Amino acid sequence: MRLIVALLFAAVFSKCAAQGYSEGVNLSYDFLPLKINATAGTETFTGNNFKLTDAVPIYIKKDKSQYLVFGLNLESMDFSGSHPDLPVTGFYGISPLLGYCRQVNQKLALSAILIPLLNSDLYIVNSSDFHFGGVVRGVYRLKENFAIRVTLGYRQQFYGTQYIVFLGLDWKIGNRWRAFGDLPNNATLFYSLRPKINAGVNYLSGGYTSFHLTEQQHYILYNYANAGLFLEYYLSPTLAVRGTVAYSVLRNLDLYNMNQKVTAGVLDYIPLSANPIPLNTEVSNGLAFKLSLSLRFPELKNK
């Protein structure tokens with residue numbers, strides 16, 4: 001979702017150059033205590049967000065310098081408790097993906113990915129619920145321990161077009177420290193406590209994603225930015241479990257009529273023209289708890 005839009009792209013692009021490992025499968029659960037300060041009183045309820053991201057490489061070259069990537073991203077969000085000012089029971093995201101990665105030389109890696117999207121409550125699925133997106137990325141390794149990367153792309157959304165511009169790095173600071181991320185979507189400072197235990201701080205944005213709500217003929221905009229602390233443990237050389245405690249510095253669960261658009265589109269999460277006024281009361285910032293399980297493999301070395 002990851003994603004930078006992160007959970008959505010990380011599993012694919014990490015194989016070209018990343019945070020010391022490639023991530024083939026990631027399963028995560030977010031527990032979100034939510035609050036709305038409504039005119040009739042405070043509404044407290046919870047959100048449950050499940051995500052599954054996987055990507056499988058099909059190598060074209062024996063030296064693994066070129067390969068296709070096939071994957072699937074699934075997301076489910078539902079709410080429990082009383083929340084009349086947010087009349088939504090749940091929504092879902094389904095995103096198959098097809099990518100191509102190429103290690104051009106020892107310093108440069110390029111990749112491209114096509115991402116069809118179905119974001120809906122799935123009560124009734126219309127052709128207009130299917131959207132398309134695509135991104136390209138370049139990774140340039142300045143030194144053995146330092147790489148920079150640029151990601152460009154777009155996604156069709158119910159509010160209009162979303163343009164994606166990420167500037168990232170991967171910096172192995174020492175034997176224990178590593179910094180990596182793709183701003184403004186995500187950033188991580190990582191510390192190896194022991195061979196099987198890591199800790200760190202991270203920032204993660206939710207990617208300004210929209211979902212069609214069939215019965216009300218509305219769409220909901222889901223966006224967040226969380227800053228948190230994490231601790232992870234390797235159950236095996238390739239299987240890691242991570243727990244994160246975070247606080248949202250930005251949290252949007254906003255309802256709009258289907259004809260309410262951002263006419264000039266959105267750059268990452270910044271509207272390029274006047275933002276429409278939501279139909280519901282604002283959801284307050286607060287804590288977020290995340291538990292994830294990842295299947296990881298050591299990063300591929302440049303040939």
# chains A, B, ... in the order shown; residues from 1 in each chain; ligands from 1
$ residues_around --residues "Asp129 of chain A" --least-positions-apart "3" --cutoff "8 Å" --atoms "only C-alpha atoms" --output "ChimeraX atom specification"
/A:118-120,125-126,212
$ closest_atom_pairs --of "segment 102-157 of chain A" --to "segment 51-67 of chain A" --cutoff "10 Å" --atoms "only C-alpha atoms" --output "CSV"
residue,atom,partner,partner_atom,distance
A:Arg102,CA,A:Gln66,CA,4.4
A:Gln103,CA,A:Ser65,CA,4.9
A:Val104,CA,A:Ser65,CA,7.6
A:Asn105,CA,A:Ser65,CA,8.8
A:Ala109,CA,A:Ser65,CA,9.0
A:Leu110,CA,A:Gln66,CA,9.7
A:Ser111,CA,A:Gln66,CA,9.6
$ residues_around --residues "Gly93 of chain A" --least-positions-apart "2" --cutoff "10 Å" --atoms "only C-alpha atoms" --output "PDB file with all heavy atoms, in the first residue's frame"
ATOM      1  N   MET A   1       0.528  -0.290   0.000  1.00  0.00           N
ATOM      2  CA  MET A   1       0.000   0.000   0.000  1.00  0.00           C
ATOM      3  C   MET A   1       0.592   0.325   0.000  1.00  0.00           C
ATOM      4  O   MET A   1       0.459   0.218  -0.231  1.00  0.00           O
ATOM      5  CB  MET A   1      -0.001  -0.519  -0.362  1.00  0.00           C
ATOM      6  CG  MET A   1       0.124   0.170  -1.066  1.00  0.00           C
ATOM      7  SD  MET A   1      -0.424  -0.413  -0.746  1.00  0.00           S
ATOM      8  CE  MET A   1      -0.523  -1.106  -1.279  1.00  0.00           C
ATOM      9  N   LYS A  51      -4.192  -5.284   4.385  1.00  0.00           N
ATOM     10  CA  LYS A  51      -3.555  -5.146   3.077  1.00  0.00           C
ATOM     11  C   LYS A  51      -2.692  -6.373   2.783  1.00  0.00           C
ATOM     12  O   LYS A  51      -2.012  -6.886   3.667  1.00  0.00           O
ATOM     13  CB  LYS A  51      -2.672  -3.894   3.011  1.00  0.00           C
ATOM     14  CG  LYS A  51      -3.429  -2.589   3.095  1.00  0.00           C
ATOM     15  CD  LYS A  51      -2.487  -1.406   3.008  1.00  0.00           C
ATOM     16  CE  LYS A  51      -3.244  -0.091   3.149  1.00  0.00           C
ATOM     17  NZ  LYS A  51      -2.334   1.074   3.114  1.00  0.00           N
ATOM     18  N   ASN A  73      -2.348  -6.596  -5.379  1.00  0.00           N
ATOM     19  CA  ASN A  73      -2.494  -5.834  -4.147  1.00  0.00           C
ATOM     20  C   ASN A  73      -3.964  -5.795  -3.743  1.00  0.00           C
ATOM     21  O   ASN A  73      -4.823  -5.444  -4.559  1.00  0.00           O
ATOM     22  CB  ASN A  73      -1.985  -4.403  -4.347  1.00  0.00           C
ATOM     23  CG  ASN A  73      -0.540  -4.358  -4.779  1.00  0.00           C
ATOM     24  OD1 ASN A  73       0.364  -4.401  -3.969  1.00  0.00           O
ATOM     25  ND2 ASN A  73      -0.320  -4.282  -6.090  1.00  0.00           N
ATOM     26  N   LEU A  74      -4.243  -6.188  -2.510  1.00  0.00           N
ATOM     27  CA  LEU A  74      -5.609  -6.210  -1.995  1.00  0.00           C
ATOM     28  C   LEU A  74      -5.687  -5.350  -0.734  1.00  0.00           C
ATOM     29  O   LEU A  74      -4.768  -5.359   0.089  1.00  0.00           O
ATOM     30  CB  LEU A  74      -6.041  -7.636  -1.654  1.00  0.00           C
ATOM     31  CG  LEU A  74      -5.962  -8.669  -2.777  1.00  0.00           C
ATOM     32  CD1 LEU A  74      -6.285 -10.056  -2.243  1.00  0.00           C
ATOM     33  CD2 LEU A  74      -6.899  -8.300  -3.927  1.00  0.00           C
ATOM     34  N   GLU A  75      -6.786  -4.623  -0.587  1.00  0.00           N
ATOM     35  CA  GLU A  75      -6.995  -3.794   0.600  1.00  0.00           C
ATOM     36  C   GLU A  75      -8.448  -3.877   1.030  1.00  0.00           C
ATOM     37  O   GLU A  75      -9.359  -3.894   0.190  1.00  0.00           O
ATOM     38  CB  GLU A  75      -6.617  -2.343   0.327  1.00  0.00           C
ATOM     39  CG  GLU A  75      -6.851  -1.414   1.518  1.00  0.00           C
ATOM     40  CD  GLU A  75      -6.361  -0.004   1.291  1.00  0.00           C
ATOM     41  OE1 GLU A  75      -5.939   0.300   0.158  1.00  0.00           O
ATOM     42  OE2 GLU A  75      -6.405   0.811   2.242  1.00  0.00           O
ATOM     43  N   SER A  76      -8.672  -3.934   2.333  1.00  0.00           N
ATOM     44  CA  SER A  76     -10.018  -3.956   2.896  1.00  0.00           C
ATOM     45  C   SER A  76     -10.060  -3.047   4.116  1.00  0.00           C
ATOM     46  O   SER A  76      -9.242  -3.203   5.027  1.00  0.00           O
ATOM     47  CB  SER A  76     -10.412  -5.384   3.298  1.00  0.00           C
ATOM     48  OG  SER A  76     -11.610  -5.393   4.054  1.00  0.00           O
ATOM     49  N   MET A  77     -10.990  -2.111   4.131  1.00  0.00           N
ATOM     50  CA  MET A  77     -11.180  -1.220   5.279  1.00  0.00           C
ATOM     51  C   MET A  77     -12.625  -1.321   5.747  1.00  0.00           C
ATOM     52  O   MET A  77     -13.560  -1.178   4.947  1.00  0.00           O
ATOM     53  CB  MET A  77     -10.859   0.219   4.904  1.00  0.00           C
ATOM     54  CG  MET A  77     -11.239   1.236   5.969  1.00  0.00           C
ATOM     55  SD  MET A  77     -10.114   1.288   7.379  1.00  0.00           S
ATOM     56  CE  MET A  77      -8.988   2.568   6.820  1.00  0.00           C
ATOM     57  N   PHE A  91     -14.879  -0.405   2.481  1.00  0.00           N
ATOM     58  CA  PHE A  91     -14.526  -0.292   1.073  1.00  0.00           C
ATOM     59  C   PHE A  91     -13.303  -1.166   0.804  1.00  0.00           C
ATOM     60  O   PHE A  91     -12.614  -1.601   1.729  1.00  0.00           O
ATOM     61  CB  PHE A  91     -14.280   1.161   0.649  1.00  0.00           C
ATOM     62  CG  PHE A  91     -13.355   1.925   1.555  1.00  0.00           C
ATOM     63  CD1 PHE A  91     -11.975   1.837   1.432  1.00  0.00           C
ATOM     64  CD2 PHE A  91     -13.867   2.770   2.534  1.00  0.00           C
ATOM     65  CE1 PHE A  91     -11.125   2.544   2.257  1.00  0.00           C
ATOM     66  CE2 PHE A  91     -13.025   3.494   3.360  1.00  0.00           C
ATOM     67  CZ  PHE A  91     -11.646   3.384   3.219  1.00  0.00           C
ATOM     68  N   SER A  95      -5.839  -4.413  -6.996  1.00  0.00           N
ATOM     69  CA  SER A  95      -4.891  -3.848  -7.959  1.00  0.00           C
ATOM     70  C   SER A  95      -3.921  -4.923  -8.458  1.00  0.00           C
ATOM     71  O   SER A  95      -2.901  -5.182  -7.822  1.00  0.00           O
ATOM     72  CB  SER A  95      -4.087  -2.701  -7.331  1.00  0.00           C
ATOM     73  OG  SER A  95      -4.925  -1.691  -6.819  1.00  0.00           O
ATOM     74  N   LEU A 117      -6.778  -0.517 -11.433  1.00  0.00           N
ATOM     75  CA  LEU A 117      -7.314  -0.344 -10.077  1.00  0.00           C
ATOM     76  C   LEU A 117      -8.819  -0.571 -10.066  1.00  0.00           C
ATOM     77  O   LEU A 117      -9.527  -0.104 -10.955  1.00  0.00           O
ATOM     78  CB  LEU A 117      -7.044   1.086  -9.568  1.00  0.00           C
ATOM     79  CG  LEU A 117      -5.614   1.622  -9.614  1.00  0.00           C
ATOM     80  CD1 LEU A 117      -5.609   3.114  -9.330  1.00  0.00           C
ATOM     81  CD2 LEU A 117      -4.759   0.894  -8.604  1.00  0.00           C
ATOM     82  N   LEU A 118      -9.290  -1.275  -9.058  1.00  0.00           N
ATOM     83  CA  LEU A 118     -10.716  -1.340  -8.758  1.00  0.00           C
ATOM     84  C   LEU A 118     -10.873  -0.941  -7.298  1.00  0.00           C
ATOM     85  O   LEU A 118     -10.501  -1.695  -6.395  1.00  0.00           O
ATOM     86  CB  LEU A 118     -11.276  -2.747  -8.988  1.00  0.00           C
ATOM     87  CG  LEU A 118     -12.712  -2.986  -8.504  1.00  0.00           C
ATOM     88  CD1 LEU A 118     -13.690  -2.036  -9.200  1.00  0.00           C
ATOM     89  CD2 LEU A 118     -13.129  -4.438  -8.714  1.00  0.00           C
ATOM     90  N   ASN A 119     -11.416   0.259  -7.049  1.00  0.00           N
ATOM     91  CA  ASN A 119     -11.611   0.780  -5.697  1.00  0.00           C
ATOM     92  C   ASN A 119     -13.099   1.035  -5.492  1.00  0.00           C
ATOM     93  O   ASN A 119     -13.671   1.943  -6.112  1.00  0.00           O
ATOM     94  CB  ASN A 119     -10.825   2.076  -5.485  1.00  0.00           C
ATOM     95  CG  ASN A 119      -9.333   1.834  -5.390  1.00  0.00           C
ATOM     96  OD1 ASN A 119      -8.891   0.701  -5.258  1.00  0.00           O
ATOM     97  ND2 ASN A 119      -8.558   2.899  -5.452  1.00  0.00           N
ATOM     98  N   SER A 120     -13.749   0.233  -4.629  1.00  0.00           N
ATOM     99  CA  SER A 120     -15.201   0.277  -4.529  1.00  0.00           C
ATOM    100  C   SER A 120     -15.648  -0.395  -3.240  1.00  0.00           C
ATOM    101  O   SER A 120     -14.868  -1.096  -2.582  1.00  0.00           O
ATOM    102  CB  SER A 120     -15.808  -0.433  -5.745  1.00  0.00           C
ATOM    103  OG  SER A 120     -17.184  -0.677  -5.590  1.00  0.00           O
ATOM    104  N   ASP A 121     -16.926  -0.175  -2.877  1.00  0.00           N
ATOM    105  CA  ASP A 121     -17.505  -0.957  -1.781  1.00  0.00           C
ATOM    106  C   ASP A 121     -17.982  -2.325  -2.264  1.00  0.00           C
ATOM    107  O   ASP A 121     -18.428  -3.145  -1.462  1.00  0.00           O
ATOM    108  CB  ASP A 121     -18.645  -0.197  -1.110  1.00  0.00           C
ATOM    109  CG  ASP A 121     -19.754   0.199  -2.069  1.00  0.00           C
ATOM    110  OD1 ASP A 121     -19.795  -0.338  -3.194  1.00  0.00           O
ATOM    111  OD2 ASP A 121     -20.570   1.073  -1.714  1.00  0.00           O
ATOM    112  N   LEU A 122     -17.931  -2.566  -3.578  1.00  0.00           N
ATOM    113  CA  LEU A 122     -18.216  -3.852  -4.226  1.00  0.00           C
ATOM    114  C   LEU A 122     -19.683  -4.272  -4.139  1.00  0.00           C
ATOM    115  O   LEU A 122     -20.010  -5.423  -4.453  1.00  0.00           O
ATOM    116  CB  LEU A 122     -17.326  -4.976  -3.667  1.00  0.00           C
ATOM    117  CG  LEU A 122     -15.814  -4.787  -3.850  1.00  0.00           C
ATOM    118  CD1 LEU A 122     -15.074  -6.007  -3.307  1.00  0.00           C
ATOM    119  CD2 LEU A 122     -15.459  -4.539  -5.307  1.00  0.00           C
ATOM    120  N   THR A 209      -6.054   8.197  -1.899  1.00  0.00           N
ATOM    121  CA  THR A 209      -6.778   7.201  -2.689  1.00  0.00           C
ATOM    122  C   THR A 209      -8.285   7.360  -2.497  1.00  0.00           C
ATOM    123  O   THR A 209      -8.756   7.657  -1.397  1.00  0.00           O
ATOM    124  CB  THR A 209      -6.341   5.795  -2.262  1.00  0.00           C
ATOM    125  OG1 THR A 209      -4.926   5.696  -2.377  1.00  0.00           O
ATOM    126  CG2 THR A 209      -6.972   4.743  -3.151  1.00  0.00           C
ATOM    127  N   SER A 210      -9.058   7.119  -3.562  1.00  0.00           N
ATOM    128  CA  SER A 210     -10.507   7.296  -3.510  1.00  0.00           C
ATOM    129  C   SER A 210     -11.216   5.994  -3.855  1.00  0.00           C
ATOM    130  O   SER A 210     -10.711   5.172  -4.632  1.00  0.00           O
ATOM    131  CB  SER A 210     -10.952   8.403  -4.465  1.00  0.00           C
ATOM    132  OG  SER A 210     -10.508   8.145  -5.785  1.00  0.00           O
ATOM    133  N   PHE A 211     -12.436   5.815  -3.268  1.00  0.00           N
ATOM    134  CA  PHE A 211     -13.216   4.586  -3.430  1.00  0.00           C
ATOM    135  C   PHE A 211     -14.670   4.950  -3.706  1.00  0.00           C
ATOM    136  O   PHE A 211     -15.234   5.843  -3.064  1.00  0.00           O
ATOM    137  CB  PHE A 211     -13.141   3.733  -2.162  1.00  0.00           C
ATOM    138  CG  PHE A 211     -11.753   3.300  -1.784  1.00  0.00           C
ATOM    139  CD1 PHE A 211     -10.902   4.158  -1.101  1.00  0.00           C
ATOM    140  CD2 PHE A 211     -11.289   2.029  -2.105  1.00  0.00           C
ATOM    141  CE1 PHE A 211      -9.618   3.768  -0.743  1.00  0.00           C
ATOM    142  CE2 PHE A 211     -10.005   1.629  -1.757  1.00  0.00           C
ATOM    143  CZ  PHE A 211      -9.170   2.498  -1.077  1.00  0.00           C
TER     144      PHE A 211
END
$ residues_around --residues "Phe132 of chain A" --least-positions-apart "6" --cutoff "10 Å" --atoms "only C-alpha atoms" --output "mmCIF file with N, CA, C and O atoms, in the first residue's frame"
data_model
loop_
_atom_site.group_PDB
_atom_site.id
_atom_site.type_symbol
_atom_site.label_atom_id
_atom_site.label_comp_id
_atom_site.auth_asym_id
_atom_site.auth_seq_id
_atom_site.Cartn_x
_atom_site.Cartn_y
_atom_site.Cartn_z
ATOM 1 N N SER A 95 -5.839 -4.413 -6.996
ATOM 2 C CA SER A 95 -4.891 -3.848 -7.959
ATOM 3 C C SER A 95 -3.921 -4.923 -8.458
ATOM 4 O O SER A 95 -2.901 -5.182 -7.822
ATOM 5 N N LEU A 114 2.529 -1.152 -14.794
ATOM 6 C CA LEU A 114 1.146 -0.819 -15.120
ATOM 7 C C LEU A 114 0.261 -1.358 -14.005
ATOM 8 O O LEU A 114 0.395 -2.521 -13.609
ATOM 9 N N ILE A 115 -0.665 -0.512 -13.509
ATOM 10 C CA ILE A 115 -1.481 -0.884 -12.347
ATOM 11 C C ILE A 115 -2.954 -0.582 -12.628
ATOM 12 O O ILE A 115 -3.396 0.552 -12.447
ATOM 13 N N PRO A 116 -3.750 -1.542 -13.074
ATOM 14 C CA PRO A 116 -5.204 -1.343 -13.102
ATOM 15 C C PRO A 116 -5.741 -1.312 -11.664
ATOM 16 O O PRO A 116 -5.229 -2.013 -10.790
ATOM 17 N N LEU A 117 -6.778 -0.517 -11.433
ATOM 18 C CA LEU A 117 -7.314 -0.344 -10.077
ATOM 19 C C LEU A 117 -8.819 -0.571 -10.066
ATOM 20 O O LEU A 117 -9.527 -0.104 -10.955
ATOM 21 N N LEU A 118 -9.290 -1.275 -9.058
ATOM 22 C CA LEU A 118 -10.716 -1.340 -8.758
ATOM 23 C C LEU A 118 -10.873 -0.941 -7.298
ATOM 24 O O LEU A 118 -10.501 -1.695 -6.395
ATOM 25 N N TYR A 154 1.179 8.324 -12.735
ATOM 26 C CA TYR A 154 -0.156 8.889 -12.572
ATOM 27 C C TYR A 154 -1.132 7.772 -12.224
ATOM 28 O O TYR A 154 -0.886 6.589 -12.474
ATOM 29 N N ARG A 155 -2.241 8.170 -11.590
ATOM 30 C CA ARG A 155 -3.352 7.254 -11.335
ATOM 31 C C ARG A 155 -4.657 7.993 -11.594
ATOM 32 O O ARG A 155 -4.804 9.169 -11.232
ATOM 33 N N GLN A 156 -5.600 7.313 -12.219
ATOM 34 C CA GLN A 156 -6.950 7.851 -12.322
ATOM 35 C C GLN A 156 -7.649 7.665 -10.983
ATOM 36 O O GLN A 156 -7.571 6.596 -10.382
ATOM 37 N N GLN A 157 -8.326 8.720 -10.530
ATOM 38 C CA GLN A 157 -9.051 8.679 -9.264
ATOM 39 C C GLN A 157 -10.452 9.233 -9.486
ATOM 40 O O GLN A 157 -10.727 9.882 -10.504
#
$ residues_around --residues "Gly168 of chain A" --least-positions-apart "3" --cutoff "7 Å" --atoms "only C-alpha atoms" --output "list in words"
Ile148, Arg149, Val150, Gly181, Asp182 and Leu183 of chain A
$ closest_residue --among "A:Phe297, A:Phe79, A:Phe289, A:Tyr163" --to "Asp30 of chain A" --atoms "only C-alpha atoms"
A:Phe289
$ atom_distance --atom1 "atom CA of Ala199 of chain A" --atom2 "atom CA of Gly138 of chain A"
28.1 Å
$ residues_around --residues "Gln260 of chain A" --least-positions-apart "6" --cutoff "10 Å" --atoms "only C-alpha atoms" --output "ChimeraX atom specification"
/A:158-160,218-219,275-278
$ write_last_selection --atoms "N, CA, C and O atoms" --output "tab-separated table (two decimals), in the first residue's frame"
chain	number	residue	atom	x	y	z
A	158	PHE	N	-11.35	9.00	-8.54
A	158	PHE	CA	-12.71	9.52	-8.67
A	158	PHE	C	-12.75	11.04	-8.56
A	158	PHE	O	-13.67	11.67	-9.06
A	159	TYR	N	-11.75	11.65	-7.94
A	159	TYR	CA	-11.69	13.11	-7.85
A	159	TYR	C	-10.97	13.73	-9.04
A	159	TYR	O	-10.92	14.94	-9.18
A	160	GLY	N	-10.38	12.93	-9.93
A	160	GLY	CA	-9.62	13.45	-11.06
A	160	GLY	C	-8.35	12.64	-11.26
A	160	GLY	O	-8.30	11.45	-10.94
A	218	HIS	N	-21.63	8.27	-3.80
A	218	HIS	CA	-20.55	9.14	-3.35
A	218	HIS	C	-19.23	8.43	-3.60
A	218	HIS	O	-19.19	7.26	-3.97
A	219	TYR	N	-18.16	9.15	-3.37
A	219	TYR	CA	-16.85	8.51	-3.22
A	219	TYR	C	-16.23	9.00	-1.93
A	219	TYR	O	-16.56	10.08	-1.42
A	275	ASN	N	-10.00	22.56	-3.84
A	275	ASN	CA	-10.43	21.26	-3.33
A	275	ASN	C	-11.92	21.35	-2.98
A	275	ASN	O	-12.35	22.29	-2.32
A	276	PRO	N	-12.76	20.39	-3.42
A	276	PRO	CA	-14.18	20.44	-3.04
A	276	PRO	C	-14.37	20.28	-1.54
A	276	PRO	O	-13.52	19.75	-0.84
A	277	ILE	N	-15.51	20.76	-1.06
A	277	ILE	CA	-15.82	20.72	0.37
A	277	ILE	C	-16.45	19.37	0.72
A	277	ILE	O	-17.43	18.95	0.09
A	278	PRO	N	-15.90	18.64	1.71
A	278	PRO	CA	-16.46	17.33	2.07
A	278	PRO	C	-17.89	17.45	2.59
A	278	PRO	O	-18.31	18.48	3.13
$ closest_atom_pairs --of "segment 109-219 of chain A" --to "segment 241-244 of chain A" --cutoff "10 Å" --atoms "only C-alpha atoms" --output "tab-separated table"
residue	atom	partner	partner_atom	distance
A:Ile197	CA	A:Arg242	CA	9.7
A:Asn198	CA	A:Arg242	CA	9.0
A:Ala199	CA	A:Arg242	CA	9.1
A:Gly200	CA	A:Thr244	CA	9.5
A:Val201	CA	A:Thr244	CA	9.0
A:Asn202	CA	A:Thr244	CA	9.0
$ write_last_selection --atoms "N, CA, C and O atoms" --output "short mmCIF file (atom, residue, chain, number, x, y, z; two decimals), in the first residue's frame"
data_model
loop_
_atom_site.label_atom_id
_atom_site.label_comp_id
_atom_site.auth_asym_id
_atom_site.auth_seq_id
_atom_site.Cartn_x
_atom_site.Cartn_y
_atom_site.Cartn_z
N ILE A 197 16.90 -8.61 15.23
CA ILE A 197 16.00 -7.58 15.75
C ILE A 197 16.41 -6.22 15.21
O ILE A 197 17.58 -5.83 15.31
N ASN A 198 15.44 -5.50 14.66
CA ASN A 198 15.66 -4.15 14.14
C ASN A 198 14.62 -3.20 14.73
O ASN A 198 13.52 -3.61 15.10
N ALA A 199 14.98 -1.94 14.77
CA ALA A 199 14.07 -0.91 15.25
C ALA A 199 14.28 0.35 14.42
O ALA A 199 15.26 0.47 13.67
N GLY A 200 13.35 1.29 14.53
CA GLY A 200 13.53 2.51 13.78
C GLY A 200 12.33 3.43 13.87
O GLY A 200 11.37 3.18 14.59
N VAL A 201 12.44 4.51 13.13
CA VAL A 201 11.35 5.49 13.02
C VAL A 201 10.97 5.57 11.54
O VAL A 201 11.82 5.41 10.65
N ASN A 202 9.69 5.80 11.28
CA ASN A 202 9.28 5.92 9.89
C ASN A 202 8.13 6.89 9.73
O ASN A 202 7.44 7.25 10.69
#
$ residues_around --residues "Leu86 of chain A" --least-positions-apart "3" --cutoff "8 Å" --atoms "only C-alpha atoms" --output "list in words"
His83, Leu255, Asn280 and Thr281 of chain A
